[in-house]
$ cat model_20.txt   # compact mmCIF, C-alpha atoms
# COMPACT_ATOMS: atom_id res chain seq x y z
CA MET A 127 -176.65 -4.57 79.14
CA ASN A 128 -175.59 -0.96 79.25
CA SER A 129 -178.44 1.32 78.24
CA GLN A 130 -176.02 4.21 77.63
CA GLU A 131 -174.40 2.68 74.54
CA PRO A 132 -173.85 5.19 71.73
CA ALA A 133 -176.36 5.09 68.93
CA ALA A 134 -173.78 5.66 66.19
CA PRO A 135 -173.60 1.98 65.06
CA ILE A 136 -177.37 1.94 64.65
CA ARG A 137 -177.52 5.19 62.73
CA ALA A 138 -174.98 3.85 60.25
CA LEU A 139 -177.47 1.23 59.00
CA SER A 140 -179.24 1.62 55.69
CA CYS A 141 -182.95 1.43 55.10
CA PRO A 142 -183.92 -2.13 54.01
CA ARG A 143 -186.59 -0.70 51.71
CA CYS A 144 -184.62 1.86 49.68
CA ALA A 145 -181.05 1.69 51.03
CA GLY A 146 -181.27 5.27 52.29
CA ALA A 147 -179.48 6.42 55.44
CA LEU A 148 -181.28 5.82 58.75
CA GLN A 149 -181.38 8.59 61.32
CA ALA A 150 -182.58 8.66 64.92
CA VAL A 151 -185.99 10.29 65.41
CA GLU A 152 -185.75 13.38 67.57
CA GLY A 153 -187.43 12.88 70.92
CA ASP A 154 -187.62 9.06 70.60
CA SER A 155 -184.36 7.13 70.95
CA GLU A 156 -186.02 3.83 70.03
CA LEU A 157 -187.10 4.85 66.51
CA LEU A 158 -185.06 5.16 63.33
CA GLN A 159 -186.34 6.98 60.24
CA CYS A 160 -185.15 6.73 56.65
CA ALA A 161 -184.00 10.11 55.33
CA TYR A 162 -185.15 9.20 51.81
CA CYS A 163 -188.48 7.31 51.99
CA GLY A 164 -189.45 8.34 55.52
CA HIS A 165 -190.19 4.80 56.72
CA ARG A 166 -189.65 4.22 60.45
CA PHE A 167 -188.10 1.23 62.16
CA LEU A 168 -187.79 0.23 65.79
CA ASP A 169 -184.23 0.41 67.11
CA GLU A 170 -182.30 -2.72 68.04
CA TYR A 171 -182.73 -4.29 71.44
CA ARG A 172 -181.16 -2.33 74.32
CA GLY A 173 -182.99 -3.52 77.42
CA ASP A 174 -182.28 -6.28 79.92
CA ALA A 175 -183.26 -9.80 78.91
CA ALA A 176 -185.78 -11.67 81.02
CA SER A 177 -184.68 -15.08 82.33
CA TYR A 178 -186.85 -18.20 82.27
CA ALA A 179 -186.60 -21.84 83.26
CA PRO A 180 -188.58 -24.81 81.88
CA VAL A 181 -191.39 -26.31 83.91
CA GLY A 182 -191.39 -30.02 84.72
CA ARG A 183 -187.75 -30.68 85.49
CA LEU A 184 -186.49 -34.13 86.47
CA GLY A 185 -185.60 -34.61 90.13
CA ARG A 186 -182.51 -36.29 91.49
CA ARG A 187 -184.20 -39.65 92.01
CA ARG A 188 -185.49 -39.69 88.44
CA ALA A 189 -182.05 -38.78 87.04
CA LEU A 190 -180.45 -41.66 88.98
CA SER A 191 -183.13 -43.98 87.61
CA VAL A 192 -182.31 -42.89 84.05
CA LEU A 193 -178.63 -43.70 84.61
CA ARG A 194 -179.42 -47.05 86.22
CA ARG A 195 -181.64 -48.06 83.30
CA ALA A 196 -179.06 -46.95 80.71
CA LEU A 197 -176.30 -48.95 82.40
CA SER A 198 -178.47 -52.05 82.66
CA GLN A 199 -179.12 -51.87 78.90
CA VAL A 200 -175.38 -52.14 78.23
CA SER A 201 -174.93 -54.91 80.82
CA VAL A 202 -173.02 -52.86 83.41
CA LYS A 203 -173.66 -54.41 86.80
CA GLY A 204 -172.72 -52.61 89.95
CA HIS A 205 -172.10 -48.89 90.11
CA VAL A 206 -172.00 -46.29 92.87
CA VAL A 207 -173.04 -42.69 92.24
CA GLU A 208 -170.60 -40.40 94.04
CA GLN A 209 -172.01 -37.03 92.96
CA ALA A 210 -175.29 -35.83 91.44
CA GLN A 211 -175.38 -32.16 90.51
CA ARG A 212 -177.95 -30.17 88.56
CA LEU A 213 -176.63 -27.47 86.22
CA HIS A 214 -178.53 -24.67 84.48
CA LEU A 215 -177.19 -23.93 80.99
CA PRO A 216 -178.18 -20.54 79.48
CA PHE A 217 -179.49 -20.27 75.92
CA TRP A 218 -180.57 -17.15 74.04
CA ASP A 219 -183.97 -17.21 72.34
CA VAL A 220 -184.85 -14.43 69.87
CA GLN A 221 -188.23 -13.64 68.30
CA ALA A 222 -188.23 -10.74 65.84
CA LYS A 223 -189.48 -9.30 62.58
CA LEU A 224 -187.02 -9.56 59.70
CA VAL A 225 -187.38 -6.84 57.06
CA GLY A 226 -185.09 -6.35 54.13
CA TRP A 227 -184.35 -5.53 50.54
CA GLN A 228 -182.17 -7.58 48.22
CA ARG A 229 -181.03 -7.62 44.63
CA TYR A 230 -179.34 -10.47 42.83
CA ARG A 231 -178.73 -12.02 39.44
CA ARG A 232 -180.40 -15.25 38.41
CA ARG A 233 -179.47 -17.14 35.28
CA LEU A 234 -182.45 -18.24 33.20
CA PRO A 235 -182.94 -22.01 32.99
CA ALA A 236 -181.69 -23.74 29.86
CA THR A 237 -184.29 -24.54 27.21
CA VAL A 238 -184.45 -27.73 25.18
CA ASN A 239 -184.00 -27.59 21.42
CA ALA A 240 -187.13 -28.98 19.80
CA SER A 241 -185.28 -30.60 16.89
CA SER A 242 -182.28 -32.13 18.69
CA GLY A 243 -183.78 -32.61 22.13
CA LEU A 244 -180.59 -31.25 23.74
CA PRO A 245 -180.46 -28.33 26.20
CA GLU A 246 -179.38 -25.08 24.66
CA VAL A 247 -176.47 -23.14 26.11
CA VAL A 248 -177.52 -20.16 28.20
CA GLU A 249 -175.74 -17.05 27.03
CA PRO A 250 -174.31 -14.62 29.58
CA SER A 251 -176.86 -12.07 28.45
CA GLN A 252 -179.70 -14.40 29.43
CA VAL A 253 -179.59 -13.35 33.06
CA GLU A 254 -182.47 -11.70 34.88
CA MET A 255 -182.02 -9.14 37.63
CA LYS A 256 -184.27 -9.73 40.62
CA GLU A 257 -185.08 -7.09 43.20
CA GLU A 258 -187.42 -7.73 46.09
CA THR A 259 -188.38 -6.71 49.59
CA PHE A 260 -189.50 -9.05 52.33
CA GLY A 261 -190.76 -9.05 55.89
CA ARG A 262 -191.50 -12.05 58.06
CA ASN A 263 -191.40 -13.26 61.64
CA VAL A 264 -188.25 -15.21 62.51
CA SER A 265 -186.82 -17.02 65.52
CA TYR A 266 -183.27 -17.81 66.50
CA SER A 267 -181.73 -19.77 69.34
CA THR A 268 -178.10 -20.15 70.37
CA ALA A 269 -176.10 -21.11 73.42
CA ALA A 270 -174.99 -18.34 75.76
CA CYS A 271 -172.15 -20.54 77.07
CA ASP A 272 -170.28 -23.58 75.73
CA PRO A 273 -172.60 -26.56 76.35
CA ARG A 274 -170.75 -29.12 74.22
CA GLU A 275 -169.18 -30.87 77.20
CA TYR A 276 -172.72 -31.59 78.40
CA GLY A 277 -173.87 -33.12 75.11
CA LEU A 278 -176.03 -30.17 74.04
CA THR A 279 -175.50 -28.04 70.94
CA GLY A 280 -178.72 -26.03 71.14
CA ILE A 281 -182.39 -26.04 72.04
CA SER A 282 -183.80 -24.46 68.88
CA GLY A 283 -186.04 -27.46 68.27
CA ARG A 284 -187.38 -27.41 71.83
CA ALA A 285 -187.63 -23.72 72.74
CA ARG A 286 -191.03 -23.07 71.20
CA PHE A 287 -192.57 -26.12 72.90
CA LEU A 288 -191.29 -25.46 76.41
CA SER A 289 -193.53 -24.31 79.23
CA LEU A 290 -191.55 -21.58 80.97
CA ARG A 291 -191.59 -19.80 84.28
CA PRO A 292 -189.42 -16.91 85.55
CA PHE A 293 -185.94 -18.00 86.58
CA GLN A 294 -184.94 -16.61 89.97
CA LEU A 295 -181.23 -16.86 90.63
CA ASP A 296 -181.55 -16.17 94.35
CA ARG A 297 -183.74 -19.27 94.75
CA VAL A 298 -181.32 -21.71 93.17
CA PRO A 299 -180.10 -24.22 95.83
CA PRO A 300 -176.42 -23.90 96.79
CA ASP A 301 -175.60 -27.40 95.51
CA GLU A 302 -176.72 -26.47 91.96
CA THR A 303 -174.65 -24.57 89.39
CA VAL A 304 -175.80 -21.75 87.12
CA CYS A 305 -173.43 -21.37 84.17
CA ALA A 306 -172.34 -17.84 83.30
CA VAL A 307 -173.58 -16.03 80.19
CA LEU A 308 -170.53 -15.60 77.96
CA LYS A 309 -172.21 -14.34 74.77
CA PRO A 310 -173.84 -10.86 74.99
CA ALA A 311 -177.26 -10.07 73.53
CA SER A 312 -175.81 -7.65 70.96
CA VAL A 313 -173.72 -10.45 69.45
CA VAL A 314 -176.72 -12.79 69.39
CA LEU A 315 -178.86 -10.24 67.54
CA ARG A 316 -176.13 -9.73 64.97
CA GLN A 317 -175.82 -13.49 64.48
CA ALA A 318 -179.59 -13.83 64.13
CA ARG A 319 -179.69 -11.11 61.49
CA LEU A 320 -176.81 -12.63 59.49
CA TYR A 321 -178.26 -16.13 59.78
CA HIS A 322 -181.68 -15.19 58.42
CA ALA A 323 -180.21 -12.83 55.84
CA ALA A 324 -178.25 -15.74 54.37
CA ARG A 325 -181.36 -17.92 54.35
CA SER A 326 -183.26 -15.23 52.41
CA VAL A 327 -180.99 -15.52 49.35
CA PRO A 328 -182.08 -18.19 46.80
CA ARG A 329 -179.56 -20.94 46.13
CA ASP A 330 -179.20 -20.05 42.44
CA ALA A 331 -178.69 -16.32 43.15
CA ARG A 332 -175.46 -14.67 42.01
CA ARG A 333 -173.82 -11.53 43.41
CA PRO A 334 -176.52 -10.72 45.97
CA ALA A 335 -176.72 -7.29 47.58
CA GLN A 336 -178.79 -6.92 50.76
CA ARG A 337 -180.04 -4.48 53.35
CA VAL A 338 -181.54 -6.50 56.20
CA MET A 339 -182.41 -5.70 59.81
CA LEU A 340 -184.37 -7.08 62.75
CA ILE A 341 -187.12 -4.93 64.20
CA ARG A 342 -189.11 -5.37 67.41
CA PRO A 343 -186.76 -8.08 68.73
CA ARG A 344 -187.87 -9.95 71.83
CA ILE A 345 -184.91 -11.66 73.42
CA ARG A 346 -184.83 -13.84 76.51
CA LEU A 347 -182.55 -16.24 78.38
CA ILE A 348 -183.70 -19.81 78.90
CA TYR A 349 -181.80 -21.78 81.54
CA TYR A 350 -181.95 -25.41 80.46
CA PRO A 351 -181.34 -27.99 83.23
CA VAL A 352 -179.07 -31.03 83.01
CA TRP A 353 -177.86 -33.52 85.60
CA ARG A 354 -174.16 -34.37 85.88
CA LEU A 355 -173.79 -37.77 87.54
CA ARG A 356 -170.34 -38.97 88.55
CA TYR A 357 -170.23 -42.66 89.38
CA ARG A 358 -167.71 -45.45 89.91
CA SER A 359 -167.79 -48.88 88.32
CA MET A 360 -165.12 -51.61 88.24
CA GLY A 361 -162.98 -49.35 90.41
CA ARG A 362 -162.86 -46.56 87.81
CA PRO A 363 -164.59 -43.13 87.73
CA PHE A 364 -167.08 -42.29 85.00
CA GLU A 365 -169.51 -39.50 84.21
CA ALA A 366 -172.94 -39.26 82.62
CA ILE A 367 -175.05 -36.23 81.65
CA VAL A 368 -178.82 -36.68 81.95
CA ASP A 369 -181.29 -34.36 80.24
CA GLY A 370 -183.02 -32.33 82.94
CA LEU A 371 -186.40 -32.43 81.18
CA GLN A 372 -186.52 -35.68 79.23
CA PRO A 373 -185.49 -39.04 80.70
CA HIS A 374 -182.49 -39.90 78.52
CA ILE A 375 -178.70 -39.70 78.54
CA LEU A 376 -177.13 -36.80 76.64
CA LYS A 377 -173.51 -37.88 77.04
CA GLY A 378 -171.47 -40.27 79.12
CA SER A 379 -169.18 -43.27 79.29
CA TYR A 380 -169.21 -46.75 80.80
CA PRO A 381 -166.76 -49.67 81.21
CA VAL A 382 -166.79 -52.91 79.25
CA VAL A 383 -164.72 -56.04 79.96
CA VAL A 384 -163.20 -57.47 76.78
CA ASN A 385 -161.91 -61.05 76.68
CA ASP A 386 -160.54 -61.14 73.14
CA ALA A 387 -156.80 -61.24 73.99
CA LEU A 388 -156.70 -64.89 75.03
CA GLU A 389 -158.89 -65.92 72.07
CA THR A 390 -156.51 -64.11 69.70
CA TRP A 391 -153.51 -65.92 71.18
CA LEU A 392 -155.23 -69.30 70.81
CA ALA A 393 -156.14 -68.54 67.21
CA ALA A 394 -152.57 -67.47 66.47
CA GLY A 395 -151.22 -70.63 68.06
CA ALA A 396 -153.59 -72.79 66.05
CA ALA A 397 -152.58 -71.02 62.84
CA ALA A 398 -148.89 -71.39 63.70
CA GLY A 399 -149.39 -75.09 64.42
CA LEU A 400 -151.15 -75.59 61.11
CA LEU A 401 -148.36 -73.86 59.25
CA ALA A 402 -145.75 -75.82 61.19
CA GLY A 403 -147.40 -79.06 60.06
CA LEU A 404 -146.88 -77.97 56.47
CA SER A 405 -143.60 -76.11 56.91
CA THR A 406 -141.83 -75.72 60.24
CA THR A 407 -139.85 -72.73 59.03
CA LEU A 408 -142.94 -70.97 57.65
CA GLY A 409 -144.87 -71.57 60.88
CA THR A 410 -142.04 -70.28 63.07
CA LEU A 411 -141.57 -67.15 60.96
CA GLY A 412 -145.32 -66.49 60.99
CA ALA A 413 -145.53 -66.75 64.78
CA ILE A 414 -142.50 -64.49 65.27
CA GLY A 415 -143.86 -61.91 62.82
CA TRP A 416 -147.30 -61.88 64.47
CA SER A 417 -145.77 -61.47 67.95
CA ALA A 418 -143.45 -58.67 66.77
CA ASN A 419 -146.41 -56.83 65.22
CA ARG A 420 -148.34 -57.05 68.50
CA LEU A 421 -145.33 -55.80 70.48
CA LEU A 422 -144.84 -52.80 68.18
CA ARG A 423 -148.55 -51.93 68.19
CA ASP A 424 -148.66 -51.97 72.00
CA GLY A 425 -145.53 -49.81 72.26
CA VAL A 426 -143.35 -52.44 73.99
CA GLN A 427 -139.69 -51.34 73.75
CA GLY A 428 -137.94 -54.27 75.44
CA ARG A 429 -137.05 -52.68 78.76
CA GLU A 430 -136.44 -54.91 81.78
CA GLY A 431 -139.60 -56.73 82.80
CA GLU A 432 -141.69 -55.06 80.10
CA ILE A 433 -142.01 -58.06 77.79
CA SER A 434 -142.92 -60.46 80.63
CA ALA A 435 -145.55 -58.02 81.89
CA TRP A 436 -146.93 -57.72 78.35
CA VAL A 437 -147.17 -61.51 78.01
CA ARG A 438 -148.99 -61.82 81.35
CA ARG A 439 -151.38 -59.07 80.28
CA GLN A 440 -152.10 -60.75 76.96
CA VAL A 441 -152.52 -64.27 78.28
CA GLY A 442 -154.72 -62.97 81.09
CA GLY A 443 -157.27 -62.18 78.40
CA LYS A 444 -159.32 -59.57 80.26
CA ARG A 445 -159.10 -55.81 79.76
CA VAL A 446 -161.45 -52.92 80.47
CA VAL A 447 -162.32 -50.49 77.68
CA VAL A 448 -164.39 -47.29 77.90
CA ARG A 449 -167.31 -46.82 75.55
CA THR A 450 -169.71 -43.96 74.88
CA LEU A 451 -173.02 -43.87 76.68
CA GLY A 452 -176.01 -42.01 75.30
CA ASN A 453 -177.35 -40.87 71.92
$ encode --input "model_20.txt" --output "structure tokens"
Amino acid sequence: MNSQEPAAPIRALSCPRCAGALQAVEGDSELLQCAYCGHRFLDEYRGDAASYAPVGRLGRRRALSVLRRALSQVSVKGHVVEQAQRLHLPFWDVQAKLVGWQRYRRRLPATVNASSGLPEVVEPSQVEMKEETFGRNVSYSTAACDPREYGLTGISGRARFLSLRPFQLDRVPPDETVCAVLKPASVVLRQARLYHAARSVPRDARRPAQRVMLIRPRIRLIYYPVWRLRYRSMGRPFEAIVDGLQPHILKGSYPVVVNDALETWLAAGAAAGLLAGLSTTLGTLGAIGWSANRLLRDGVQGREGEISAWVRRQVGGKRVVVRTLGN
């Protein structure tokens, strides 16, 4: 991050204690001072973020074992892994002090009439004005790239429990991929401030006004590992994403052979025969209507050879469908 960014956006902030204008302290570019109450705050983060990686990652053999066990649980027999690649997905982790001031309206709760036992209507004048200051330690985690295709939405529930070590990009093997950081630290800090500012307002508050900021932020990048396994089963390619720390599937797909087409035809024939025994016309019309509905649903338009191919496909009874693998 550029350390020569102008300080104007920071100086435009208001003091979270008294809403006074904040000004840079002469001789110290990292401090801001309120022109009204004199309170000082540490400037927003402007340094480079340290990068870390979790300790205890799964190896290739363990990742293949996780896939093999998951496929055996869904009765998939026979698969060949064509590619196993470890990826490192970046996530921002922020630890900071949230300080702020807020004012809002809160309607007084309705009281119960002693004689009737019914709640009394709260008049518009029965509204209390609340004004308060707060300061607490907060944490915030968000993805620095788009990890949804890998089955991850975030690591906020895991970040504080991870054992970390410094992440050295120059030591990453050439067959592994490090995903690029697409979200800058300045955006993450702004999101963290807005997120915790919204959580500071009570649910029954009306027309809130706030002055909130993060001080002493400590921000770091955590590169979370995942395994992307590309395999082939029943002659078709599939993919599975294995968590790089915990032995389970994050996302994936697998083939399933379905034999319901022939059973459906036999059931339809039995129904048509039953109806034909009662009414030949009714049975014939029912069979024609059922067949026409199947043809329309499967998109058969009557071109040359299309209907015969459809009949062979239906009577054959077997088809392969793709289902979701993982949580």
$ atom_distance --input "model_20.txt" --atom1 "CA of Arg319 (chain A)" --atom2 "CA of Thr259 (chain A)"
15.4 Å
$ closest_residue --input "model_20.txt" --among "A:Arg346, A:Arg429, A:Arg229, A:Arg329" --to "Leu315 (chain A)" --atoms "only C-alpha atoms"
A:Arg346
$ residues_around --input "model_20.txt" --residues "Asp219 (chain A)" --least-positions-apart "2" --cutoff "12 Å" --atoms "all atoms listed in the file" --output "JSON, numbers by chain"
{"A": [175, 176, 177, 178, 216, 217, 221, 222, 264, 265, 266, 267, 268, 269, 270, 280, 281, 282, 283, 284, 285, 286, 288, 311, 314, 315, 317, 318, 343, 344, 345, 346, 347, 348, 349, 350]}
$ closest_residue --input "model_20.txt" --among "A:Leu320, A:Val304, A:Ala331, A:Val207" --to "Val253 (chain A)" --atoms "all atoms listed in the file"
A:Ala331
$ axis_aligned_box --input "model_20.txt" --around "region 363-377 of chain A" --padding-each-side "6 Å" --output "JSON"
{"center_x": -175.6, "center_y": -37.7, "center_z": 82.2, "size_x": 33.9, "size_y": 22.8, "size_z": 23.1}
$ atom_distance --input "model_20.txt" --atom1 "CA of Val206 (chain A)" --atom2 "CA of Val298 (chain A)"
26.3 Å
$ atom_distance --input "model_20.txt" --atom1 "CA of Val225 (chain A)" --atom2 "CA of Lys256 (chain A)"
17.0 Å
$ closest_residue --input "model_20.txt" --among "A:Ala366, A:Ala335, A:Leu290, A:Val448" --to "Tyr276 (chain A)" --atoms "all atoms listed in the file"
A:Ala366
$ decode --input "model_20.txt" --residues "region 360-371 of chain A" --atoms "N, CA and C atoms" --output "compact mmCIF listing (two decimals), in the first residue's frame"
# COMPACT_ATOMS: atom_id res chain seq x y z
N MET A 360 -16.75 -42.82 -14.78
CA MET A 360 -17.74 -43.18 -15.80
C MET A 360 -17.48 -42.43 -17.11
N GLY A 361 -16.22 -42.16 -17.38
CA GLY A 361 -15.85 -41.49 -18.62
C GLY A 361 -16.11 -40.00 -18.64
N ARG A 362 -16.48 -39.39 -17.52
CA ARG A 362 -16.78 -37.97 -17.47
C ARG A 362 -15.87 -37.27 -16.46
N PRO A 363 -15.52 -35.99 -16.73
CA PRO A 363 -14.66 -35.25 -15.79
C PRO A 363 -15.48 -34.61 -14.67
N PHE A 364 -14.90 -34.63 -13.47
CA PHE A 364 -15.52 -34.01 -12.30
C PHE A 364 -14.44 -33.30 -11.49
N GLU A 365 -14.90 -32.51 -10.53
CA GLU A 365 -13.97 -31.74 -9.70
C GLU A 365 -14.45 -31.74 -8.26
N ALA A 366 -13.49 -31.75 -7.34
CA ALA A 366 -13.80 -31.68 -5.91
C ALA A 366 -12.79 -30.76 -5.24
N ILE A 367 -13.28 -29.96 -4.29
CA ILE A 367 -12.43 -29.06 -3.50
C ILE A 367 -12.35 -29.59 -2.09
N VAL A 368 -11.13 -29.87 -1.64
CA VAL A 368 -10.90 -30.41 -0.30
C VAL A 368 -10.31 -29.31 0.58
N ASP A 369 -10.83 -29.19 1.77
CA ASP A 369 -10.28 -28.23 2.74
C ASP A 369 -8.82 -28.58 3.00
N GLY A 370 -7.96 -27.56 2.96
CA GLY A 370 -6.53 -27.81 3.13
C GLY A 370 -6.09 -27.99 4.56
N LEU A 371 -7.00 -27.80 5.52
CA LEU A 371 -6.66 -27.98 6.94
C LEU A 371 -7.46 -29.08 7.60
